[in-house]
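*Asks:* My structure is in run-v4.pdb, and what it holds is PDB, C-alpha atoms and all ligand atoms:
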ATOM      1  CA  MET A  11      -3.669 -12.127  34.238
ATOM      2  CA  THR A  12      -0.626 -14.215  33.280
ATOM      3  CA  PHE A  13      -0.937 -16.766  30.506
ATOM      4  CA  SER A  14       0.876 -20.099  30.832
ATOM      5  CA  SER A  15       1.040 -23.445  29.038
ATOM      6  CA  LYS A  16      -1.870 -24.859  31.072
ATOM      7  CA  ASP A  17      -4.053 -22.066  29.638
ATOM      8  CA  ILE A  18      -3.448 -22.949  25.975
ATOM      9  CA  GLU A  19      -6.144 -25.601  25.632
ATOM     10  CA  PRO A  20      -9.015 -23.744  27.363
ATOM     11  CA  PHE A  21      -8.154 -20.517  25.515
ATOM     12  CA  THR A  22      -8.063 -22.350  22.157
ATOM     13  CA  ALA A  23     -11.490 -23.910  22.838
ATOM     14  CA  PHE A  24     -12.843 -20.498  23.892
ATOM     15  CA  GLU A  25     -11.579 -18.848  20.682
ATOM     16  CA  TRP A  26     -12.742 -21.693  18.451
ATOM     17  CA  ASN A  27     -16.254 -21.773  19.935
ATOM     18  CA  GLY A  28     -16.355 -17.988  19.806
ATOM     19  CA  TRP A  29     -15.469 -17.771  16.116
ATOM     20  CA  GLU A  30     -17.839 -20.579  15.163
ATOM     21  CA  LYS A  31     -20.636 -18.391  16.575
ATOM     22  CA  ALA A  32     -19.348 -14.928  15.603
ATOM     23  CA  ALA A  33     -18.242 -15.492  11.982
ATOM     24  CA  GLU A  34     -21.296 -13.878  10.328
ATOM     25  CA  ALA A  35     -21.549 -11.053  12.878
ATOM     26  CA  TYR A  36     -17.812 -10.228  12.528
ATOM     27  CA  HIS A  37     -18.312 -10.117   8.767
ATOM     28  CA  ASP A  38     -21.310  -7.764   9.096
ATOM     29  CA  HIS A  39     -19.790  -5.457  11.721
ATOM     30  CA  TRP A  40     -16.024  -5.501  11.201
ATOM     31  CA  GLY A  41     -15.374  -6.593   7.619
ATOM     32  CA  ALA A  42     -15.583  -3.124   6.038
ATOM     33  CA  LEU A  43     -13.136  -1.852   8.683
ATOM     34  CA  SER A  44     -10.460  -4.556   8.723
ATOM     35  CA  THR A  45     -10.399  -4.665   4.909
ATOM     36  CA  GLN A  46      -8.995  -1.104   4.903
ATOM     37  CA  SER A  47      -5.534  -2.303   5.896
ATOM     38  CA  ALA A  48      -5.446  -5.372   3.617
ATOM     39  CA  LEU A  49      -3.695  -3.720   0.648
ATOM     40  CA  PRO A  50      -1.258  -1.719   2.822
ATOM     41  CA  MET A  51      -0.273  -4.989   4.571
ATOM     42  CA  LEU A  52       0.197  -6.771   1.222
ATOM     43  CA  ARG A  53       2.365  -3.875   0.011
ATOM     44  CA  LEU A  54       4.538  -4.162   3.140
ATOM     45  CA  ALA A  55       5.040  -7.841   2.331
ATOM     46  CA  LYS A  56       6.007  -6.854  -1.269
ATOM     47  CA  VAL A  57       3.192  -8.938  -2.735
ATOM     48  CA  LYS A  58       2.909  -8.454  -6.480
ATOM     49  CA  HIS A  59       1.353 -10.044  -9.554
ATOM     50  CA  GLY A  60       2.089 -13.774  -9.462
ATOM     51  CA  SER A  61       3.206 -13.894  -5.775
ATOM     52  CA  LYS A  62       2.121 -17.022  -3.938
ATOM     53  CA  VAL A  63       0.454 -15.730  -0.776
ATOM     54  CA  LEU A  64      -0.816 -17.481   2.335
ATOM     55  CA  ASP A  65      -3.453 -15.459   4.242
ATOM     56  CA  VAL A  66      -3.546 -16.904   7.769
ATOM     57  CA  ALA A  67      -6.622 -16.390  10.002
ATOM     58  CA  THR A  68      -8.443 -15.256   6.876
ATOM     59  CA  GLY A  69     -11.925 -14.948   8.428
ATOM     60  CA  ALA A  70     -14.326 -14.260   5.552
ATOM     61  CA  GLY A  71     -11.333 -13.926   3.222
ATOM     62  CA  TYR A  72     -10.725 -10.162   2.906
ATOM     63  CA  VAL A  73      -6.929 -10.243   2.606
ATOM     64  CA  THR A  74      -7.064 -13.260   0.293
ATOM     65  CA  ALA A  75      -9.477 -11.352  -1.961
ATOM     66  CA  ALA A  76      -7.291  -8.226  -1.857
ATOM     67  CA  ALA A  77      -4.256 -10.316  -2.871
ATOM     68  CA  LYS A  78      -6.203 -11.838  -5.757
ATOM     69  CA  SER A  79      -7.292  -8.363  -6.881
ATOM     70  CA  ILE A  80      -3.654  -7.420  -7.525
ATOM     71  CA  GLY A  81      -2.912 -10.600  -9.457
ATOM     72  CA  ALA A  82      -1.308 -12.642  -6.661
ATOM     73  CA  VAL A  83      -2.113 -16.327  -6.177
ATOM     74  CA  PRO A  84      -3.540 -16.564  -2.635
ATOM     75  CA  ILE A  85      -4.789 -19.289  -0.317
ATOM     76  CA  GLY A  86      -6.765 -18.337   2.792
ATOM     77  CA  LEU A  87      -6.567 -20.437   5.953
ATOM     78  CA  ASP A  88      -8.648 -20.317   9.112
ATOM     79  CA  PHE A  89      -9.189 -22.764  11.987
ATOM     80  CA  SER A  90     -12.930 -22.052  12.171
ATOM     81  CA  SER A  91     -15.145 -24.121   9.879
ATOM     82  CA  ALA A  92     -17.781 -21.361   9.998
ATOM     83  CA  GLN A  93     -15.214 -18.823   8.757
ATOM     84  CA  VAL A  94     -13.957 -21.108   5.968
ATOM     85  CA  GLU A  95     -17.535 -21.750   4.839
ATOM     86  CA  LEU A  96     -18.293 -18.006   4.900
ATOM     87  CA  ALA A  97     -15.087 -17.206   2.971
ATOM     88  CA  ARG A  98     -15.953 -19.747   0.266
ATOM     89  CA  LYS A  99     -19.458 -18.253  -0.020
ATOM     90  CA  THR A 100     -18.183 -14.637  -0.017
ATOM     91  CA  TYR A 101     -15.387 -15.163  -2.558
ATOM     92  CA  PRO A 102     -16.350 -18.094  -4.803
ATOM     93  CA  GLY A 103     -13.567 -19.468  -6.972
ATOM     94  CA  THR A 104     -10.917 -18.581  -4.367
ATOM     95  CA  GLU A 105      -9.041 -21.223  -2.379
ATOM     96  CA  PHE A 106      -9.704 -21.517   1.366
ATOM     97  CA  VAL A 107      -8.602 -24.297   3.706
ATOM     98  CA  GLN A 108      -9.202 -25.115   7.343
ATOM     99  CA  GLY A 109      -6.086 -25.244   9.506
ATOM    100  CA  ASP A 110      -4.217 -23.895  12.500
ATOM    101  CA  ALA A 111      -1.899 -20.880  12.223
ATOM    102  CA  GLN A 112       0.458 -22.629  14.647
ATOM    103  CA  GLU A 113       0.696 -25.846  12.596
ATOM    104  CA  LEU A 114       0.340 -24.955   8.933
ATOM    105  CA  PRO A 115      -0.676 -27.744   6.528
ATOM    106  CA  PHE A 116       1.846 -26.682   3.840
ATOM    107  CA  ASP A 117       5.300 -27.725   2.640
ATOM    108  CA  ASP A 118       8.448 -25.798   3.505
ATOM    109  CA  GLN A 119       9.171 -22.772   1.286
ATOM    110  CA  ALA A 120       5.778 -22.923  -0.467
ATOM    111  CA  PHE A 121       4.992 -19.175  -0.396
ATOM    112  CA  ASP A 122       6.453 -15.795  -1.367
ATOM    113  CA  ALA A 123       4.508 -14.059   1.387
ATOM    114  CA  VAL A 124       2.589 -14.986   4.525
ATOM    115  CA  VAL A 125       0.126 -12.392   5.824
ATOM    116  CA  MET A 126      -2.255 -12.352   8.768
ATOM    117  CA  GLY A 127      -4.987  -9.738   9.256
ATOM    118  CA  PHE A 128      -5.891  -9.200  12.932
ATOM    119  CA  GLY A 129      -5.055 -12.776  13.889
ATOM    120  CA  MET A 130      -1.868 -12.650  15.998
ATOM    121  CA  ASN A 131      -3.821 -11.320  18.994
ATOM    122  CA  HIS A 132      -6.028 -14.426  18.946
ATOM    123  CA  LEU A 133      -3.286 -17.041  19.142
ATOM    124  CA  PRO A 134      -2.227 -18.784  22.339
ATOM    125  CA  GLU A 135       1.207 -19.496  20.824
ATOM    126  CA  PRO A 136       2.065 -16.673  18.412
ATOM    127  CA  GLU A 137       5.756 -17.724  18.504
ATOM    128  CA  LYS A 138       4.739 -20.982  16.819
ATOM    129  CA  ALA A 139       2.794 -19.052  14.169
ATOM    130  CA  ALA A 140       5.890 -16.932  13.436
ATOM    131  CA  GLN A 141       8.023 -20.102  13.165
ATOM    132  CA  GLU A 142       5.474 -21.683  10.851
ATOM    133  CA  ALA A 143       5.378 -18.554   8.677
ATOM    134  CA  TRP A 144       9.187 -18.747   8.463
ATOM    135  CA  ARG A 145       9.091 -22.444   7.518
ATOM    136  CA  VAL A 146       6.584 -22.057   4.664
ATOM    137  CA  LEU A 147       8.277 -18.940   3.235
ATOM    138  CA  ARG A 148      10.812 -19.208   0.465
ATOM    139  CA  PRO A 149      14.096 -17.362   1.068
ATOM    140  CA  GLY A 150      13.496 -13.712   0.182
ATOM    141  CA  GLY A 151       9.865 -13.907   1.306
ATOM    142  CA  ALA A 152       8.092 -11.775   3.918
ATOM    143  CA  PHE A 153       5.707 -12.243   6.831
ATOM    144  CA  ALA A 154       3.400  -9.274   7.489
ATOM    145  CA  PHE A 155       0.573  -8.946   9.960
ATOM    146  CA  SER A 156      -1.904  -6.378  11.224
ATOM    147  CA  VAL A 157      -3.257  -5.906  14.729
ATOM    148  CA  TRP A 158      -5.505  -3.268  16.282
ATOM    149  CA  ALA A 159      -3.575  -0.295  17.666
ATOM    150  CA  ALA A 160      -3.529   0.047  21.458
ATOM    151  CA  PRO A 161      -6.755   1.585  22.814
ATOM    152  CA  ALA A 162      -6.864   5.377  22.857
ATOM    153  CA  GLU A 163      -9.491   7.871  23.952
ATOM    154  CA  GLY A 164     -12.033   8.692  21.242
ATOM    155  CA  GLU A 165     -11.121   5.609  19.164
ATOM    156  CA  GLY A 166     -13.082   2.351  18.744
ATOM    157  CA  PHE A 167     -11.368   0.056  21.264
ATOM    158  CA  GLY A 168     -10.641   2.905  23.671
ATOM    159  CA  ILE A 169     -14.302   3.953  23.812
ATOM    160  CA  VAL A 170     -15.648   0.468  24.501
ATOM    161  CA  LEU A 171     -12.942  -0.856  26.832
ATOM    162  CA  ALA A 172     -13.023   2.307  28.972
ATOM    163  CA  ALA A 173     -16.810   2.003  29.264
ATOM    164  CA  ILE A 174     -16.523  -1.655  30.332
ATOM    165  CA  GLU A 175     -13.828  -0.794  32.849
ATOM    166  CA  LYS A 176     -15.775   2.102  34.331
ATOM    167  CA  HIS A 177     -19.316   0.710  34.301
ATOM    168  CA  GLY A 178     -18.889  -3.060  34.103
ATOM    169  CA  VAL A 179     -18.466  -5.707  36.731
ATOM    170  CA  SER A 180     -14.819  -6.750  36.872
ATOM    171  CA  ASP A 181     -14.979 -10.139  38.635
ATOM    172  CA  ILE A 182     -16.291 -12.078  35.630
ATOM    173  CA  LYS A 183     -14.869 -15.503  34.870
ATOM    174  CA  LEU A 184     -13.228 -15.792  31.441
ATOM    175  CA  PRO A 185     -10.423 -18.154  30.411
ATOM    176  CA  ALA A 186      -6.909 -16.760  30.887
ATOM    177  CA  ALA A 187      -5.837 -15.094  27.628
ATOM    178  CA  PRO A 188      -2.647 -13.655  26.145
ATOM    179  CA  PRO A 189      -2.422  -9.825  26.165
ATOM    180  CA  TYR A 190      -4.727  -8.573  23.412
ATOM    181  CA  PHE A 191      -2.641  -5.561  22.341
ATOM    182  CA  ARG A 192       0.813  -7.156  22.700
ATOM    183  CA  PHE A 193       1.776  -6.826  19.041
ATOM    184  CA  ALA A 194       0.702  -3.205  18.767
ATOM    185  CA  ASP A 195       4.048  -2.589  20.483
ATOM    186  CA  PRO A 196       6.930  -2.601  17.927
ATOM    187  CA  ALA A 197       9.321  -3.920  20.619
ATOM    188  CA  GLU A 198       7.113  -7.020  21.053
ATOM    189  CA  VAL A 199       7.047  -7.510  17.285
ATOM    190  CA  LYS A 200      10.846  -7.504  17.163
ATOM    191  CA  ALA A 201      10.953  -9.778  20.213
ATOM    192  CA  ILE A 202       8.936 -12.439  18.414
ATOM    193  CA  LEU A 203      10.139 -12.068  14.807
ATOM    194  CA  GLU A 204      13.895 -11.581  15.225
ATOM    195  CA  PRO A 205      14.591 -14.768  17.260
ATOM    196  CA  THR A 206      12.627 -16.679  14.574
ATOM    197  CA  GLY A 207      15.153 -15.433  12.002
ATOM    198  CA  PHE A 208      13.270 -12.548  10.396
ATOM    199  CA  THR A 209      15.321  -9.458   9.547
ATOM    200  CA  ARG A 210      14.487  -5.845   8.637
ATOM    201  CA  VAL A 211      11.572  -6.049  11.088
ATOM    202  CA  SER A 212       9.484  -2.876  11.132
ATOM    203  CA  THR A 213       6.093  -1.603  12.276
ATOM    204  CA  VAL A 214       3.981   1.251  10.895
ATOM    205  CA  GLY A 215       0.625   2.707  11.875
ATOM    206  CA  ALA A 216      -2.336   2.583   9.470
ATOM    207  CA  ALA A 217      -5.375   4.847   9.801
ATOM    208  CA  GLN A 218      -8.765   3.137   9.507
ATOM    209  CA  THR A 219     -12.200   4.716   9.856
ATOM    210  CA  TRP A 220     -15.301   2.824  10.945
ATOM    211  CA  ARG A 221     -18.374   4.408   9.340
ATOM    212  CA  HIS A 222     -21.783   3.769  10.865
ATOM    213  CA  SER A 223     -25.311   4.993  10.256
ATOM    214  CA  SER A 224     -26.406   4.367  13.877
ATOM    215  CA  PRO A 225     -24.503   5.237  17.082
ATOM    216  CA  ASP A 226     -25.315   1.791  18.530
ATOM    217  CA  GLN A 227     -23.437  -0.102  15.821
ATOM    218  CA  VAL A 228     -20.126   0.179  17.680
ATOM    219  CA  PHE A 229     -21.571  -1.436  20.811
ATOM    220  CA  ASP A 230     -23.323  -4.063  18.666
ATOM    221  CA  ALA A 231     -20.039  -4.951  16.919
ATOM    222  CA  PHE A 232     -18.333  -5.687  20.232
ATOM    223  CA  ASN A 233     -21.444  -7.287  21.727
ATOM    224  CA  LYS A 234     -21.970  -9.776  18.887
ATOM    225  CA  GLY A 235     -19.102  -9.834  16.409
ATOM    226  CA  ALA A 236     -16.033 -10.599  18.509
ATOM    227  CA  VAL A 237     -14.878 -13.275  20.942
ATOM    228  CA  ARG A 238     -13.152 -11.826  24.016
ATOM    229  CA  ALA A 239     -15.054  -8.517  24.061
ATOM    230  CA  THR A 240     -18.328 -10.307  23.329
ATOM    231  CA  ALA A 241     -17.749 -12.685  26.249
ATOM    232  CA  MET A 242     -16.859  -9.730  28.514
ATOM    233  CA  LEU A 243     -20.076  -7.926  27.578
ATOM    234  CA  ASN A 244     -22.278 -11.009  27.694
ATOM    235  CA  SER A 245     -21.027 -11.820  31.202
ATOM    236  CA  GLN A 246     -22.150  -8.432  32.529
ATOM    237  CA  PRO A 247     -25.385  -8.061  34.470
ATOM    238  CA  GLU A 248     -28.111  -6.567  32.254
ATOM    239  CA  SER A 249     -28.026  -3.196  34.051
ATOM    240  CA  ALA A 250     -24.241  -2.831  33.586
ATOM    241  CA  ARG A 251     -24.466  -3.825  29.915
ATOM    242  CA  GLU A 252     -27.193  -1.227  29.331
ATOM    243  CA  ARG A 253     -25.085   1.458  31.041
ATOM    244  CA  ILE A 254     -22.050   0.513  28.910
ATOM    245  CA  LYS A 255     -24.209   0.697  25.793
ATOM    246  CA  GLU A 256     -25.472   4.187  26.741
ATOM    247  CA  VAL A 257     -21.958   5.477  27.431
ATOM    248  CA  VAL A 258     -20.610   4.064  24.151
ATOM    249  CA  ARG A 259     -23.553   5.593  22.263
ATOM    250  CA  ALA A 260     -22.855   9.027  23.797
ATOM    251  CA  GLU A 261     -19.157   8.853  22.844
ATOM    252  CA  VAL A 262     -19.948   7.725  19.301
ATOM    253  CA  CYS A 263     -22.457  10.590  18.922
ATOM    254  CA  GLU A 264     -19.548  12.986  19.501
ATOM    255  CA  LEU A 265     -18.014  11.592  16.313
ATOM    256  CA  ALA A 266     -20.976  12.416  14.050
ATOM    257  CA  GLN A 267     -20.059  13.803  10.631
ATOM    258  CA  GLY A 268     -23.182  14.750   8.688
ATOM    259  CA  ASP A 269     -25.498  11.756   8.778
ATOM    260  CA  GLU A 270     -22.846   9.199   9.702
ATOM    261  CA  TYR A 271     -20.582   8.422  12.627
ATOM    262  CA  GLN A 272     -16.873   8.149  11.807
ATOM    263  CA  ILE A 273     -14.868   6.302  14.402
ATOM    264  CA  PRO A 274     -11.083   6.058  14.134
ATOM    265  CA  VAL A 275      -9.873   2.480  14.697
ATOM    266  CA  PRO A 276      -6.202   2.526  13.686
ATOM    267  CA  ALA A 277      -4.173  -0.588  12.970
ATOM    268  CA  SER A 278      -0.525  -1.423  13.435
ATOM    269  CA  LEU A 279       1.184  -3.223  10.536
ATOM    270  CA  SER A 280       4.405  -5.190  10.953
ATOM    271  CA  VAL A 281       6.709  -7.028   8.582
ATOM    272  CA  GLY A 282       9.848  -9.161   8.705
ATOM    273  CA  PHE A 283      11.884 -10.726   5.887
ATOM    274  CA  LYS A 284      13.444 -14.155   5.431
ATOM    275  CA  GLU A 285      16.740 -13.196   3.784
ATOM    276  CA  SER A 286      17.772 -15.221   0.753
TER
HETATM  277  C1  LIG B 301     -10.437 -10.881  14.053
HETATM  278  S1  LIG B 301     -10.664 -12.190  12.916
HETATM  279  C2  LIG B 301      -9.732 -11.602  11.516
HETATM  280  C3  LIG B 301     -10.335 -11.992  10.189
HETATM  281  C4  LIG B 301      -9.705 -11.359   8.955
HETATM  282  N1  LIG B 301      -8.353 -11.842   8.744
HETATM  283  C5  LIG B 301      -9.693  -9.856   8.984
HETATM  284  O1  LIG B 301      -8.672  -9.263   8.577
HETATM  285  O2  LIG B 301     -10.712  -9.246   9.345
HETATM  286  C6  LIG B 301      -9.583 -13.415  13.589
HETATM  287  C7  LIG B 301      -9.622 -14.721  12.837
HETATM  288  O3  LIG B 301      -8.602 -15.576  13.362
HETATM  289  C8  LIG B 301      -9.065 -16.911  13.275
HETATM  290  N2  LIG B 301      -8.226 -17.713  14.169
HETATM  291  C9  LIG B 301      -8.134 -17.635  15.515
HETATM  292  N3  LIG B 301      -7.257 -18.542  15.978
HETATM  293  C10 LIG B 301      -6.755 -19.197  14.891
HETATM  294  C11 LIG B 301      -5.797 -20.236  14.734
HETATM  295  N4  LIG B 301      -5.205 -20.800  15.785
HETATM  296  N5  LIG B 301      -5.500 -20.648  13.481
HETATM  297  C12 LIG B 301      -6.132 -20.095  12.405
HETATM  298  N6  LIG B 301      -7.068 -19.138  12.511
HETATM  299  C13 LIG B 301      -7.367 -18.671  13.735
HETATM  300  C14 LIG B 301     -10.523 -16.800  13.679
HETATM  301  O4  LIG B 301     -11.283 -17.907  13.302
HETATM  302  C15 LIG B 301     -10.927 -15.514  12.964
HETATM  303  O5  LIG B 301     -11.410 -15.796  11.673
END
Any chance you could put this one into structure tokens?
Ligand SMILES: C[S@@+](CC[C@H](N)C(=O)[O-])C[C@H]1O[C@@H](n2cnc3c(N)ncnc32)[C@H](O)[C@@H]1O

*Replies:*
Amino acid sequence: MTFSSKDIEPFTAFEWNGWEKAAEAYHDHWGALSTQSALPMLRLAKVKHGSKVLDVATGAGYVTAAAKSIGAVPIGLDFSSAQVELARKTYPGTEFVQGDAQELPFDDQAFDAVVMGFGMNHLPEPEKAAQEAWRVLRPGGAFAFSVWAAPAEGEGFGIVLAAIEKHGVSDIKLPAAPPYFRFADPAEVKAILEPTGFTRVSTVGAAQTWRHSSPDQVFDAFNKGAVRATAMLNSQPESARERIKEVVRAEVCELAQGDEYQIPVPASLSVGFKES
């Protein structure tokens, strides 16, 4: 499915409506996983005590909180009012604002670092987000972001997406969307960051492990706590959704370790610098 300028508005509405509904469920199902790469991403961006940090697409505020824990001075931003409300409730006394990653409500050169945890894959115009990160960074600052690694067998996204592909109905109607795993490819990261002006662009892998007490929690996370995957699952006929759930459960059971299920869900972390 190609994504063009006429698709921007419907995709933005789809994402916004999705996150307004999924904020709490994402927090419950995904928060303990995505938080695992928050400090590694902040380290890549050279965030230290006293750094002024903007955490874009903050969700419930995990990266903002991680930055605060190392003495930085963070602000979290998200376009979803439900997410901003949840972030303020989860991390009281921390600053969160509502705004769009592609049109940041901040002055030029206001931050030492801009970071974005698992947000680039949700933006219709990620080039604009990179340009905005550049604009609000002071010379010498860094823009770092995380995305989910491309799906692989026996890993979180690989298990669920393969089950949907094999057992789901494919002719469901969803808004056209940009490629979900685009920025897991280091060449795509360079292709977006270097023309914006960022230098020393690099990408590294980061291991993350999803730990669950029930084998159905992986299916539930995708079924309730996401936007695109949730819409894909909710558009399936009941019988197909049940079959997908069974297949995911069986795969997750293979990953049992003692009384928990440990599912690898690696991330890909990228950084670029605005030279002084
Ligand atoms: C997968 S969640 C990531 C949340 C959190 N940063 C984390 O590391 O788990 C994606 C977040 O991006 C936000 N988002 C999507 N499009 C956005 C946009 N255009 N501007 C700002 N935030 C956006 C959503 O509201 C959601 O909170």

*Asks:* Let me make sure I understand: among A:Ala201, A:Ala120, A:Val83, A:Ala231, which one has the smallest atom-to-atom distance to ligand LIG 301 (chain B) if we use only C-alpha atoms and all ligand atoms?

*Replies:* A:Ala231

*Asks:* Assuming the chain letters and numbering stay as they are in my file, what does the PyMOL selection byres (((chain A and resi 276-286) around 6) and not hetatm) actually select? List them as a list in words.

*Replies:*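 Applied to this file, the PyMOL selection byres (((chain A and resi 276-286) around 6) and not hetatm) returns Pro149, Gly150, Gly151, Ala152, Phe153, Ala154, Phe155, Ser156, Val157, Trp158, Ala159, Ala194, Phe208, Thr209, Arg210, Val211, Ser212, Thr213, Val214, Gly215, Ala216, Ala217, Gln218 and Val275 of chain A.
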
*Asks:* Print the selection's residues with C-alpha atoms to a file, as a compact mmCIF listing (two decimals), in the coordinates of the input.

*Replies:*
# COMPACT_ATOMS: atom_id res chain seq x y z
CA PRO A 149 14.10 -17.36 1.07
CA GLY A 150 13.50 -13.71 0.18
CA GLY A 151 9.86 -13.91 1.31
CA ALA A 152 8.09 -11.78 3.92
CA PHE A 153 5.71 -12.24 6.83
CA ALA A 154 3.40 -9.27 7.49
CA PHE A 155 0.57 -8.95 9.96
CA SER A 156 -1.90 -6.38 11.22
CA VAL A 157 -3.26 -5.91 14.73
CA TRP A 158 -5.50 -3.27 16.28
CA ALA A 159 -3.58 -0.30 17.67
CA ALA A 194 0.70 -3.20 18.77
CA PHE A 208 13.27 -12.55 10.40
CA THR A 209 15.32 -9.46 9.55
CA ARG A 210 14.49 -5.84 8.64
CA VAL A 211 11.57 -6.05 11.09
CA SER A 212 9.48 -2.88 11.13
CA THR A 213 6.09 -1.60 12.28
CA VAL A 214 3.98 1.25 10.90
CA GLY A 215 0.62 2.71 11.88
CA ALA A 216 -2.34 2.58 9.47
CA ALA A 217 -5.38 4.85 9.80
CA GLN A 218 -8.76 3.14 9.51
CA VAL A 275 -9.87 2.48 14.70

*Asks:* Can I get the residues of chain A within 6 Å of ligand LIG 301 (chain B), each with the closest pair of atoms and their distance in Å to one decimal, using only C-alpha atoms and all ligand atoms, sorted chain first then ascending number, as a tab-separated table?

*Replies:*
residue	atom	partner	partner_atom	distance
A:Trp29	CA	B:LIG301	O4	5.0
A:Gly41	CA	B:LIG301	O2	5.6
A:Ser44	CA	B:LIG301	O2	4.7
A:Ala67	CA	B:LIG301	N6	3.7
A:Thr68	CA	B:LIG301	N1	3.9
A:Gly69	CA	B:LIG301	O5	3.4
A:Asp88	CA	B:LIG301	N6	3.9
A:Phe89	CA	B:LIG301	C12	4.1
A:Ser90	CA	B:LIG301	O4	4.6
A:Gln93	CA	B:LIG301	O5	5.7
A:Gly109	CA	B:LIG301	C12	5.9
A:Asp110	CA	B:LIG301	N5	3.6
A:Ala111	CA	B:LIG301	N5	3.8
A:Gly127	CA	B:LIG301	O1	3.8
A:Phe128	CA	B:LIG301	C2	4.7
A:Gly129	CA	B:LIG301	O3	4.5
A:His132	CA	B:LIG301	C9	5.1
A:Leu133	CA	B:LIG301	N3	5.3

*Asks:* Give me the residues near Ala236 of chain A as a list in words, where near means some atom within 12 Å (using only C-alpha atoms) and where sequence neighbours in that chain fewer than 6 positions away do not count.

*Replies:*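 With the cut-off at 12 Å, the set is Phe24, Glu25, Trp26, Asn27, Gly28, Trp29, Glu30, Lys31, Ala32, Ala33, Glu34, Ala35, Tyr36, His37, Asp38, His39, Trp40, Gly41, Gly69, Phe128, His132, Phe167, Val228, Phe229, Asp230, Met242, Leu243 and Asn244 of chain A.
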
*Asks:* Starting from the shown file, work through the PyMOL selection byres (((chain A and resi 122) around 8) and not hetatm) and note down what comes out as a list in words.

*Replies:* Val57, Ser61, Lys62, Val63, Gln119, Ala120, Phe121, Ala123, Val124, Leu147, Arg148, Gly150, Gly151 and Ala152 of chain A

*Asks:* Report the residues retrieved by the PyMOL selection byres (((chain A and resi 169) around 12) and not hetatm) from the displayed file, expressed as JSON, numbers by chain.

*Replies:* {"A": [160, 161, 162, 163, 164, 165, 166, 167, 168, 170, 171, 172, 173, 174, 175, 176, 228, 229, 232, 254, 255, 256, 257, 258, 259, 260, 261, 262, 263, 264, 265, 273, 274, 275]}

*Asks:* Go through A:Gln267, A:Val237, A:Pro185, A:Val179 one by one, measure the shortest atom-to-atom distance of each to Ser249 of chain A using all atoms listed in the file, and give the residue with the smallest value.

*Replies:* A:Val179

*Asks:* Measuring atom to atom with all atoms listed in the file, identify which of A:Met126, A:Leu52, A:Ala23, A:Ala266 is nearest to Trp220 of chain A.

*Replies:*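 Once distances to Trp220 of chain A are computed over all atoms listed in the file, the minimum belongs to A:Ala266.
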
*Asks:* Of the residues A:Phe193, A:Thr240, A:Val125, A:Leu184, which is the one nearest to Arg53 of chain A, using all atoms listed in the file?

*Replies:*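 Of A:Phe193, A:Thr240, A:Val125, A:Leu184, the one nearest Arg53 of chain A, counting all atoms listed in the file, is A:Val125.
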